[in-house]
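The file final26.txt comes next; it holds compact mmCIF, C-alpha atoms and all ligand atoms.
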# COMPACT_ATOMS: atom_id res chain seq x y z
CA MET A 743 19.77 13.77 -17.18
CA GLU A 744 23.36 13.06 -18.14
CA SER A 745 24.00 10.02 -15.97
CA GLU A 746 23.86 6.44 -17.16
CA THR A 747 20.62 4.44 -16.98
CA THR A 748 20.98 1.63 -14.42
CA ILE A 749 18.74 -0.86 -12.66
CA GLU A 750 19.75 -2.45 -9.35
CA ILE A 751 17.09 -4.35 -7.43
CA GLU A 752 17.86 -5.90 -4.05
CA VAL A 753 15.50 -8.69 -3.01
CA HIS A 754 14.97 -9.31 0.70
CA LEU A 755 12.30 -11.99 0.55
CA ASP A 756 14.56 -14.45 2.31
CA ALA A 757 14.16 -17.20 4.89
CA ASP A 758 13.33 -14.55 7.50
CA ALA A 759 10.48 -13.21 5.35
CA ALA A 760 9.09 -16.74 4.94
CA ALA A 761 9.34 -17.27 8.70
CA THR A 762 7.55 -13.94 9.29
CA MET A 763 4.74 -15.08 6.99
CA ARG A 764 4.42 -18.40 8.84
CA SER A 765 4.26 -16.75 12.25
CA ASP A 766 1.89 -13.95 11.06
CA VAL A 767 -0.52 -16.44 9.52
CA ARG A 768 -0.42 -18.83 12.48
CA ARG A 769 -1.08 -15.96 14.92
CA GLY A 770 -3.87 -14.56 12.73
CA LEU A 771 -5.67 -17.87 12.26
CA LEU A 772 -5.49 -18.71 15.96
CA ALA A 773 -6.76 -15.26 17.00
CA ALA A 774 -10.42 -14.58 17.76
CA PRO A 775 -11.68 -13.14 15.48
CA LYS A 776 -9.37 -14.56 12.80
CA GLU A 777 -7.32 -12.14 10.73
CA LEU A 778 -4.79 -12.09 7.86
CA SER A 779 -2.40 -9.28 6.89
CA PRO A 780 -3.20 -7.45 3.63
CA LYS A 781 0.45 -7.60 2.62
CA TYR A 782 -0.17 -11.23 1.57
CA PHE A 783 -2.62 -10.17 -1.16
CA TYR A 784 0.19 -9.14 -3.47
CA ASP A 785 1.61 -12.10 -5.34
CA GLU A 786 1.76 -11.66 -9.14
CA ARG A 787 -1.99 -12.33 -9.53
CA GLY A 788 -2.84 -10.09 -6.56
CA SER A 789 -0.87 -7.20 -8.07
CA GLN A 790 -2.69 -7.72 -11.39
CA LEU A 791 -6.06 -7.74 -9.62
CA PHE A 792 -5.18 -4.55 -7.77
CA GLU A 793 -4.34 -2.91 -11.11
CA GLN A 794 -7.81 -3.98 -12.37
CA ILE A 795 -9.39 -2.45 -9.25
CA THR A 796 -7.70 0.86 -10.03
CA GLU A 797 -9.53 0.95 -13.37
CA LEU A 798 -13.01 0.36 -11.92
CA GLU A 799 -15.52 3.21 -12.12
CA GLU A 800 -16.53 2.57 -8.49
CA TYR A 801 -12.93 2.75 -7.17
CA TYR A 802 -12.37 6.53 -7.21
CA PRO A 803 -9.09 6.80 -5.13
CA THR A 804 -6.64 6.00 -7.94
CA ARG A 805 -8.09 8.31 -10.56
CA THR A 806 -8.56 11.09 -8.02
CA GLU A 807 -4.96 10.84 -6.83
CA ARG A 808 -3.85 10.73 -10.48
CA GLU A 809 -5.80 13.95 -11.19
CA ILE A 810 -4.17 15.72 -8.25
CA LEU A 811 -0.71 14.54 -9.31
CA ALA A 812 -1.33 15.51 -12.94
CA GLU A 813 -2.28 19.04 -11.91
CA ARG A 814 0.02 19.67 -8.96
CA SER A 815 3.23 17.62 -9.39
CA ARG A 816 5.33 20.62 -10.44
CA GLU A 817 4.18 22.54 -7.38
CA ILE A 818 4.79 19.50 -5.15
CA VAL A 819 8.31 18.98 -6.53
CA ALA A 820 9.12 22.68 -6.07
CA ALA A 821 7.71 22.65 -2.53
CA ALA A 822 9.81 19.55 -1.82
CA GLY A 823 12.95 21.49 -2.82
CA CYS A 824 13.55 19.80 -6.22
CA PRO A 825 14.89 16.52 -4.81
CA ALA A 826 17.29 14.30 -6.79
CA THR A 827 15.78 11.07 -5.44
CA LEU A 828 12.24 9.77 -5.40
CA VAL A 829 11.74 6.89 -2.96
CA GLU A 830 8.35 5.20 -3.31
CA LEU A 831 6.91 2.85 -0.69
CA GLY A 832 4.45 0.27 -2.07
CA SER A 833 5.34 1.43 -5.57
CA GLY A 834 3.42 -1.28 -7.50
CA SER A 835 3.11 -0.30 -11.18
CA ALA A 836 4.13 3.32 -10.36
CA ALA A 837 1.49 4.41 -12.88
CA LYS A 838 0.75 7.75 -11.18
CA THR A 839 4.36 8.22 -10.10
CA ARG A 840 5.20 9.21 -13.68
CA HIS A 841 3.70 12.64 -12.95
CA LEU A 842 6.23 13.21 -10.15
CA LEU A 843 9.14 11.76 -12.15
CA SER A 844 8.26 13.93 -15.16
CA ALA A 845 8.01 17.04 -12.99
CA MET A 846 11.44 16.25 -11.51
CA GLU A 847 12.84 15.62 -14.99
CA ALA A 848 11.36 18.92 -16.26
CA VAL A 849 13.26 20.94 -13.65
CA GLY A 850 16.40 18.88 -14.19
CA CYS A 851 16.69 17.42 -10.66
CA LEU A 852 15.76 13.76 -11.31
CA ARG A 853 18.61 11.29 -10.71
CA THR A 854 17.42 8.22 -8.80
CA TYR A 855 14.17 6.33 -8.27
CA VAL A 856 13.92 3.85 -5.38
CA PRO A 857 10.80 1.64 -5.71
CA VAL A 858 10.12 -0.36 -2.53
CA ASP A 859 7.56 -3.16 -2.84
CA ILE A 860 6.87 -6.63 -1.50
CA SER A 861 5.92 -7.93 -4.96
CA GLU A 862 9.01 -8.95 -6.91
CA GLU A 863 7.35 -9.36 -10.32
CA ILE A 864 5.76 -5.92 -10.44
CA THR A 865 8.93 -4.21 -9.16
CA HIS A 866 11.03 -5.72 -11.96
CA SER A 867 8.49 -4.89 -14.66
CA THR A 868 8.01 -1.32 -13.36
CA ALA A 869 11.78 -0.73 -13.32
CA ALA A 870 12.14 -2.08 -16.89
CA CYS A 871 9.42 0.28 -18.16
CA LEU A 872 10.75 3.33 -16.30
CA VAL A 873 14.30 3.14 -17.66
CA GLU A 874 12.83 3.17 -21.17
CA GLU A 875 10.70 6.20 -20.34
CA TYR A 876 13.36 8.17 -18.40
CA PRO A 877 16.78 7.78 -20.07
CA GLY A 878 19.56 8.36 -17.54
CA LEU A 879 17.43 7.35 -14.56
CA ALA A 880 19.21 5.24 -11.93
CA ILE A 881 16.85 2.73 -10.32
CA GLN A 882 17.79 1.30 -6.93
CA GLY A 883 14.81 -0.90 -6.08
CA LEU A 884 14.12 -2.84 -2.92
CA VAL A 885 11.86 -5.89 -2.89
CA CYS A 886 11.03 -6.23 0.78
CA ASP A 887 8.40 -5.77 3.48
CA PHE A 888 8.53 -2.02 4.07
CA GLU A 889 7.54 -2.49 7.70
CA ARG A 890 10.32 -4.99 8.41
CA ASP A 891 12.99 -3.46 6.16
CA LEU A 892 12.32 0.29 6.24
CA GLU A 893 15.85 1.06 7.45
CA ARG A 894 17.27 -0.45 4.21
CA ILE A 895 16.17 2.64 2.23
CA PRO A 896 19.39 4.23 0.89
CA ALA A 897 20.42 7.08 3.19
CA ASP A 898 23.08 8.64 0.93
CA LEU A 899 20.71 10.00 -1.71
CA GLU A 900 19.19 13.03 0.03
CA PRO A 901 17.44 15.32 -0.40
CA ARG A 902 14.73 12.78 -1.04
CA LEU A 903 11.04 12.89 -1.74
CA ILE A 904 9.54 9.79 -0.11
CA ALA A 905 6.17 9.00 -1.65
CA PHE A 906 3.64 6.66 -0.10
CA LEU A 907 0.73 6.83 -2.52
CA GLY A 908 -2.60 5.12 -3.16
CA GLY A 909 -3.82 5.35 0.43
CA THR A 910 -1.72 2.32 1.44
CA VAL A 911 -0.94 3.99 4.80
CA GLY A 912 -4.66 3.44 5.52
CA ASN A 913 -4.10 -0.31 5.41
CA LEU A 914 -2.05 -0.08 8.63
CA TYR A 915 -3.66 -0.17 12.09
CA PRO A 916 -3.23 3.03 14.14
CA ASP A 917 -0.40 1.59 16.29
CA GLN A 918 1.41 0.14 13.23
CA ARG A 919 0.93 3.45 11.42
CA ARG A 920 2.30 5.48 14.33
CA ASP A 921 5.39 3.24 14.65
CA PHE A 922 5.90 3.22 10.89
CA LEU A 923 5.69 7.01 10.54
CA ALA A 924 7.93 7.52 13.59
CA ARG A 925 10.53 5.18 12.05
CA LEU A 926 10.27 7.12 8.78
CA ALA A 927 10.73 10.38 10.70
CA ALA A 928 13.86 8.93 12.34
CA LEU A 929 15.29 8.18 8.87
CA MET A 930 14.49 11.62 7.45
CA GLU A 931 17.03 14.45 7.18
CA SER A 932 15.92 18.07 7.34
CA GLY A 933 15.77 18.43 3.51
CA ASP A 934 13.69 15.27 2.98
CA ARG A 935 9.96 15.42 2.35
CA LEU A 936 7.27 12.78 2.64
CA LEU A 937 4.31 12.76 0.22
CA LEU A 938 1.44 10.76 1.63
CA GLY A 939 -1.74 9.85 -0.27
CA THR A 940 -4.85 9.32 1.84
CA ASP A 941 -8.48 8.68 1.10
CA LEU A 942 -10.85 11.05 2.93
CA VAL A 943 -14.02 10.33 4.93
CA LYS A 944 -17.17 10.31 2.79
CA GLU A 945 -20.63 8.74 2.52
CA ARG A 946 -20.95 5.07 3.39
CA ASP A 947 -22.59 4.09 0.07
CA ARG A 948 -19.75 5.36 -2.08
CA LEU A 949 -17.16 3.74 0.14
CA GLU A 950 -18.88 0.38 0.24
CA LEU A 951 -19.38 0.35 -3.53
CA ALA A 952 -15.70 1.20 -4.07
CA TYR A 953 -14.76 -1.92 -2.07
CA ASP A 954 -17.50 -4.24 -3.38
CA ASP A 955 -17.75 -3.62 -7.10
CA PRO A 956 -20.55 -5.34 -9.04
CA ALA A 957 -18.03 -7.00 -11.41
CA GLY A 958 -16.53 -8.84 -8.44
CA VAL A 959 -12.90 -7.78 -9.03
CA THR A 960 -12.42 -6.71 -5.39
CA ALA A 961 -13.97 -10.00 -4.23
CA GLU A 962 -11.45 -11.90 -6.35
CA PHE A 963 -8.60 -9.74 -5.00
CA ASN A 964 -9.73 -10.46 -1.44
CA LYS A 965 -10.01 -14.22 -2.04
CA ASN A 966 -6.59 -14.27 -3.73
CA VAL A 967 -5.02 -14.25 -0.27
CA LEU A 968 -6.41 -17.78 0.17
CA THR A 969 -4.69 -18.91 -3.03
CA VAL A 970 -1.44 -17.39 -1.73
CA LEU A 971 -1.76 -19.39 1.50
CA ASN A 972 -2.58 -22.56 -0.47
CA ARG A 973 0.61 -22.17 -2.48
CA GLU A 974 3.00 -20.84 0.17
CA LEU A 975 1.79 -22.76 3.21
CA GLY A 976 0.37 -25.96 1.68
CA ALA A 977 -3.15 -24.94 2.70
CA ASN A 978 -6.41 -26.25 1.21
CA PHE A 979 -8.69 -23.20 1.34
CA ASP A 980 -11.55 -23.41 -1.19
CA PRO A 981 -12.12 -19.76 -2.27
CA ASP A 982 -15.68 -20.69 -3.36
CA LEU A 983 -16.52 -21.46 0.26
CA PHE A 984 -15.85 -17.85 1.30
CA ALA A 985 -17.75 -14.64 0.50
CA HIS A 986 -16.28 -11.15 0.19
CA VAL A 987 -17.57 -8.68 2.81
CA ALA A 988 -16.82 -4.91 2.74
CA ARG A 989 -18.42 -2.69 5.42
CA TYR A 990 -17.73 0.88 6.44
CA ASP A 991 -17.12 1.23 10.18
CA SER A 992 -18.00 4.89 10.75
CA GLY A 993 -16.86 4.79 14.41
CA GLU A 994 -13.33 3.83 13.37
CA ALA A 995 -13.58 5.72 10.04
CA ARG A 996 -12.37 2.72 8.05
CA MET A 997 -13.46 0.10 5.61
CA ASP A 998 -13.44 -3.32 7.23
CA ILE A 999 -12.84 -6.05 4.67
CA ARG A 1000 -13.41 -9.68 5.49
CA LEU A 1001 -13.97 -13.18 4.14
CA ARG A 1002 -17.07 -14.94 5.47
CA SER A 1003 -17.07 -18.72 5.65
CA LEU A 1004 -20.12 -20.03 3.79
CA ALA A 1005 -20.08 -23.36 5.62
CA GLU A 1006 -18.74 -25.04 8.70
CA GLN A 1007 -15.35 -26.26 7.47
CA THR A 1008 -11.87 -27.36 8.51
CA VAL A 1009 -8.86 -26.01 6.64
CA SER A 1010 -5.40 -27.53 6.97
CA LEU A 1011 -2.11 -25.71 6.45
CA ASP A 1012 0.53 -28.43 6.02
CA VAL A 1013 3.56 -26.14 6.31
CA LEU A 1014 2.25 -24.85 9.66
CA ASP A 1015 1.12 -28.32 10.77
CA LEU A 1016 -2.16 -26.60 11.63
CA GLU A 1017 -5.86 -27.35 11.23
CA VAL A 1018 -8.30 -24.46 11.59
CA GLU A 1019 -12.07 -24.69 12.10
CA PHE A 1020 -14.43 -22.13 10.56
CA ALA A 1021 -18.03 -21.91 11.72
CA ALA A 1022 -20.69 -21.23 9.06
CA GLY A 1023 -20.96 -17.42 8.83
CA GLU A 1024 -17.67 -16.80 10.66
CA GLU A 1025 -15.79 -13.76 9.36
CA MET A 1026 -12.02 -13.37 9.04
CA ARG A 1027 -10.67 -9.83 8.55
CA THR A 1028 -8.24 -9.49 5.63
CA GLU A 1029 -7.80 -5.69 5.44
CA ILE A 1030 -8.75 -2.35 6.90
CA SER A 1031 -8.65 0.82 4.82
CA ALA A 1032 -8.73 3.95 6.96
CA LYS A 1033 -10.36 7.18 5.78
CA PHE A 1034 -9.07 10.49 7.14
CA THR A 1035 -9.82 14.16 7.68
CA ARG A 1036 -7.20 16.91 7.56
CA ASP A 1037 -7.44 17.45 11.34
CA ARG A 1038 -6.96 13.80 12.06
CA LEU A 1039 -3.97 13.59 9.75
CA GLU A 1040 -2.33 16.59 11.41
CA ALA A 1041 -2.65 14.75 14.72
CA VAL A 1042 -1.27 11.52 13.15
CA TYR A 1043 1.78 13.40 11.84
CA ALA A 1044 2.36 15.27 15.10
CA GLU A 1045 2.25 12.01 17.05
CA ALA A 1046 4.99 10.60 14.79
CA GLY A 1047 7.16 13.74 15.15
CA LEU A 1048 6.24 15.12 11.71
CA GLU A 1049 4.62 18.33 10.45
CA LEU A 1050 2.12 18.95 7.65
CA ARG A 1051 3.65 21.43 5.15
CA GLY A 1052 1.37 21.18 2.12
CA TRP A 1053 -2.14 19.93 1.40
CA PHE A 1054 -3.26 19.02 -2.13
CA THR A 1055 -6.79 17.81 -2.72
CA ASP A 1056 -9.33 17.43 -5.54
CA ALA A 1057 -12.23 19.88 -5.91
CA ALA A 1058 -14.73 17.43 -4.39
CA GLY A 1059 -12.50 16.78 -1.37
CA ASP A 1060 -12.46 13.03 -1.94
CA TYR A 1061 -8.73 12.42 -1.58
CA ALA A 1062 -5.66 14.27 -0.32
CA LEU A 1063 -1.92 14.33 -0.75
CA SER A 1064 0.01 15.66 2.26
CA LEU A 1065 3.52 17.04 2.02
CA VAL A 1066 5.18 16.37 5.36
CA SER A 1067 8.57 17.16 6.91
CA LEU A 1068 10.43 17.12 10.18
CA PRO A 1069 9.18 20.04 12.33
CA GLY A 1070 10.55 23.41 11.27
CA SER A 1071 12.73 22.03 8.47
N1 LIG B 1101 1.26 2.75 -5.06
C1 LIG B 1101 0.42 2.01 -5.99
C2 LIG B 1101 0.07 0.60 -5.51
C3 LIG B 1101 -0.82 0.56 -4.30
S1 LIG B 1101 -1.28 -1.13 -3.93
C4 LIG B 1101 -0.83 2.81 -6.25
O1 LIG B 1101 -1.03 3.84 -5.62
O2 LIG B 1101 -1.63 2.40 -7.11
C5 LIG B 1101 -0.28 -1.41 -2.52
C6 LIG B 1101 1.16 -1.73 -2.93
O3 LIG B 1101 1.91 -1.87 -1.74
C7 LIG B 1101 1.27 -3.06 -3.69
O4 LIG B 1101 2.12 -2.90 -4.81
C8 LIG B 1101 1.86 -4.02 -2.65
O5 LIG B 1101 2.66 -5.03 -3.25
C9 LIG B 1101 2.64 -3.08 -1.76
N2 LIG B 1101 2.72 -3.53 -0.36
C10 LIG B 1101 1.70 -3.84 0.47
N3 LIG B 1101 2.17 -4.17 1.70
C11 LIG B 1101 3.52 -4.04 1.63
C12 LIG B 1101 4.58 -4.23 2.56
N4 LIG B 1101 4.31 -4.60 3.82
N5 LIG B 1101 5.84 -4.00 2.15
C13 LIG B 1101 6.10 -3.60 0.86
N6 LIG B 1101 5.15 -3.41 -0.07
C14 LIG B 1101 3.88 -3.63 0.31
C1 LIG B 1102 -3.67 -0.57 -1.57
N1 LIG B 1102 -4.79 -0.01 -0.80
C2 LIG B 1102 -4.62 1.39 -0.55
C3 LIG B 1102 -6.12 -0.35 -1.34
C4 LIG B 1102 -7.21 0.35 -0.49
O1 LIG B 1102 -8.03 1.04 -1.08
O2 LIG B 1102 -7.19 0.23 0.74
C5 LIG B 1102 -6.33 -1.85 -1.38
C6 LIG B 1102 -7.71 -2.25 -1.78
N2 LIG B 1102 -8.43 -3.14 -1.16
C7 LIG B 1102 -9.59 -3.31 -1.78
N3 LIG B 1102 -9.62 -2.46 -2.80
C8 LIG B 1102 -8.44 -1.79 -2.84
Conversion result in structure tokens:
Amino acid sequence: MESETTIEIEVHLDADAAATMRSDVRRGLLAAPKELSPKYFYDERGSQLFEQITELEEYYPTRTEREILAERSREIVAAAGCPATLVELGSGSAAKTRHLLSAMEAVGCLRTYVPVDISEEITHSTAACLVEEYPGLAIQGLVCDFERDLERIPADLEPRLIAFLGGTVGNLYPDQRRDFLARLAALMESGDRLLLGTDLVKERDRLELAYDDPAGVTAEFNKNVLTVLNRELGANFDPDLFAHVARYDSGEARMDIRLRSLAEQTVSLDVLDLEVEFAAGEEMRTEISAKFTRDRLEAVYAEAGLELRGWFTDAAGDYALSLVSLPGS
């Protein structure tokens, strides 16, 4: 790369984002059953806990996706038409993304990386590391809610490879996922490609262990959302009065992750001027994590106006990366 190394990070966690959090949490706590959005897991501590999860023996998705990227990134970059820009949704530490960036650098097409993440701390630290590792790389990061702010992704940097790794698309409900992918499709030009990481359907025992590790890291990650609400919304949740629950729902083909109240209790959220009752044993959903098959994904893409162009999986068939484009492009 001959261009100058630069970092620009726009932050869109403004008054509107705070208002969105207040209305999301109020709606979720007043719903029956109660529910919180997984996007609120990721404060600085939540991002650190997720990084610890990725290193657990039981949590196979990260290392499997890394293996596929390590082996196939050159092929993926070539199939994506050697793009100059890599946009990454939910970029986090971008640990595995290095394989794609290095493959782009090796063929001489890498110019710009656009990390898009709701966690400000991790986006700044990832950008600082990447400019050291890739001299000449221009970083144009966005700290925002990718559902709310998708249309802020720079449009003048095509052809782009838009990566959405880690299986994070599985944390969206089917209607959210359809709208999200259709909005992405509307932003894509014919030369753009989407690279989507998805966990695949497998035996219940492996799935449940991956989301309920014996060391309790996933339990701590799950309960961290309560600490976020305590800080951001003046709440008084006691994380010790909730238990982590992770069950596979084979009918819906998704992990269903909850917090179970260990006692009858009342929690107040001062900023919302709200008091919420929990019955002993009551469960509040904090995340779903959908598991897919190739057929189902083809239907998901078609419904959003997209087409599957490439399929990259590990030998055991545990995890897949899909290369997706607008139809016929
Ligand atoms: N891509 C990384 C991280 C996955 S963890 C990997 O594969 O390991 C999910 C990431 O998505 C976190 O970094 C989290 O902060 C981010 N995230 C979750 N919901 C988001 C949202 N609504 N908008 C933007 N980023 C979000
Ligand atoms: C970020 N996302 C894809 C993870 C997953 O596997 O659904 C989040 C996670 N939740 C518990 N463990 C990991």
message: Can you pull out every residue with an atom within 7 Å of ligand LIG 1101 (chain B)? Use all atoms listed in the file and format it as an NGL selection string.
response: :A and (780-781 or 784 or 789 or 792 or 796 or 804 or 831-837 or 858-861 or 886-889 or 906-910)
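The contact shell of ligand LIG 1102 (chain B), defined as all polymer residues within 8 Å when all atoms listed in the file are used, comprises Phe792, Ile795, Thr796, Tyr801, Pro803, Leu907, Gly908, Gly909, Thr910, Val911, Gly912, Asn913, Asp941, Ala952, Tyr953, Thr960, Phe963, Asn964, Met997, Ile999, Glu1029, Ile1030, Ser1031 and Ala1032 of chain A.
Taking atom CA of A:Ile864 and atom CA of A:Glu786 as endpoints, the distance between them is 7.1 Å.
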- request: Identify which of the residues A:Ala1044, A:Leu1050, A:Ala1021, A:Ala845 lies closest to A:Leu1063, counting only C-alpha atoms when measuring atom-to-atom distances.
  value: A:Leu1050
query: At what distance in Å, to one decimal, does atom CA of A:Ala1062 lie from atom CA of A:Gly933?
result: 22.2 Å
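You can rank A:Glu875, A:Arg805, A:Leu938, A:Asp766 by their closest distance to A:Glu793 using all atoms listed in the file, and at the top of that list sits A:Arg805.
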query: Near A:Ile749, within 8 Å and counting only C-alpha atoms, which residues show up once chain neighbours fewer than 4 positions away are dropped, as a PyMOL selection string?
result: chain A and resi 869-870+873+880-883
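The interatomic distance for the pair atom CA of A:Glu807 and atom CA of A:Thr748 works out to 28.6 Å.
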message: Report as a VMD selection string all protein, DNA and RNA residues lying within 10 Å of A:Met763, evaluated on all atoms listed in the file, omitting residues in the same chain fewer than 2 positions from it.
response: chain A and resid 757 to 761 765 to 769 779 781 to 782 971 974 to 975
field: Local residues around (11.4, 16.4, -0.9), at most 9 Å away, using only C-alpha atoms, as a VMD selection string
entry: chain A and resid 818 to 828 900 to 904 933 to 937 1065 to 1067
Store the residues picked out above in a file with C-alpha atoms, as a PDB file, in the coordinates of the input.
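Output (out28.pdb):
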ATOM      1  CA  ILE A 818       4.790  19.500  -5.150  1.00  0.00           C
ATOM      2  CA  VAL A 819       8.310  18.980  -6.530  1.00  0.00           C
ATOM      3  CA  ALA A 820       9.120  22.680  -6.070  1.00  0.00           C
ATOM      4  CA  ALA A 821       7.710  22.650  -2.530  1.00  0.00           C
ATOM      5  CA  ALA A 822       9.810  19.550  -1.820  1.00  0.00           C
ATOM      6  CA  GLY A 823      12.950  21.490  -2.820  1.00  0.00           C
ATOM      7  CA  CYS A 824      13.550  19.800  -6.220  1.00  0.00           C
ATOM      8  CA  PRO A 825      14.890  16.520  -4.810  1.00  0.00           C
ATOM      9  CA  ALA A 826      17.290  14.300  -6.790  1.00  0.00           C
ATOM     10  CA  THR A 827      15.780  11.070  -5.440  1.00  0.00           C
ATOM     11  CA  LEU A 828      12.240   9.770  -5.400  1.00  0.00           C
ATOM     12  CA  GLU A 900      19.190  13.030   0.030  1.00  0.00           C
ATOM     13  CA  PRO A 901      17.440  15.320  -0.400  1.00  0.00           C
ATOM     14  CA  ARG A 902      14.730  12.780  -1.040  1.00  0.00           C
ATOM     15  CA  LEU A 903      11.040  12.890  -1.740  1.00  0.00           C
ATOM     16  CA  ILE A 904       9.540   9.790  -0.110  1.00  0.00           C
ATOM     17  CA  GLY A 933      15.770  18.430   3.510  1.00  0.00           C
ATOM     18  CA  ASP A 934      13.690  15.270   2.980  1.00  0.00           C
ATOM     19  CA  ARG A 935       9.960  15.420   2.350  1.00  0.00           C
ATOM     20  CA  LEU A 936       7.270  12.780   2.640  1.00  0.00           C
ATOM     21  CA  LEU A 937       4.310  12.760   0.220  1.00  0.00           C
ATOM     22  CA  LEU A1065       3.520  17.040   2.020  1.00  0.00           C
ATOM     23  CA  VAL A1066       5.180  16.370   5.360  1.00  0.00           C
ATOM     24  CA  SER A1067       8.570  17.160   6.910  1.00  0.00           C
TER      25      SER A1067
END
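With distances restricted to only C-alpha atoms, A:Ala1046 is the closest residue to A:Asp921 from A:Leu771, A:Met1026, A:Ala1046, A:Ala977.
Among the candidates A:Ala928, A:Ala988, A:Val959, A:Leu872, the one nearest to A:Asp947 when counting all atoms listed in the file is A:Ala988.
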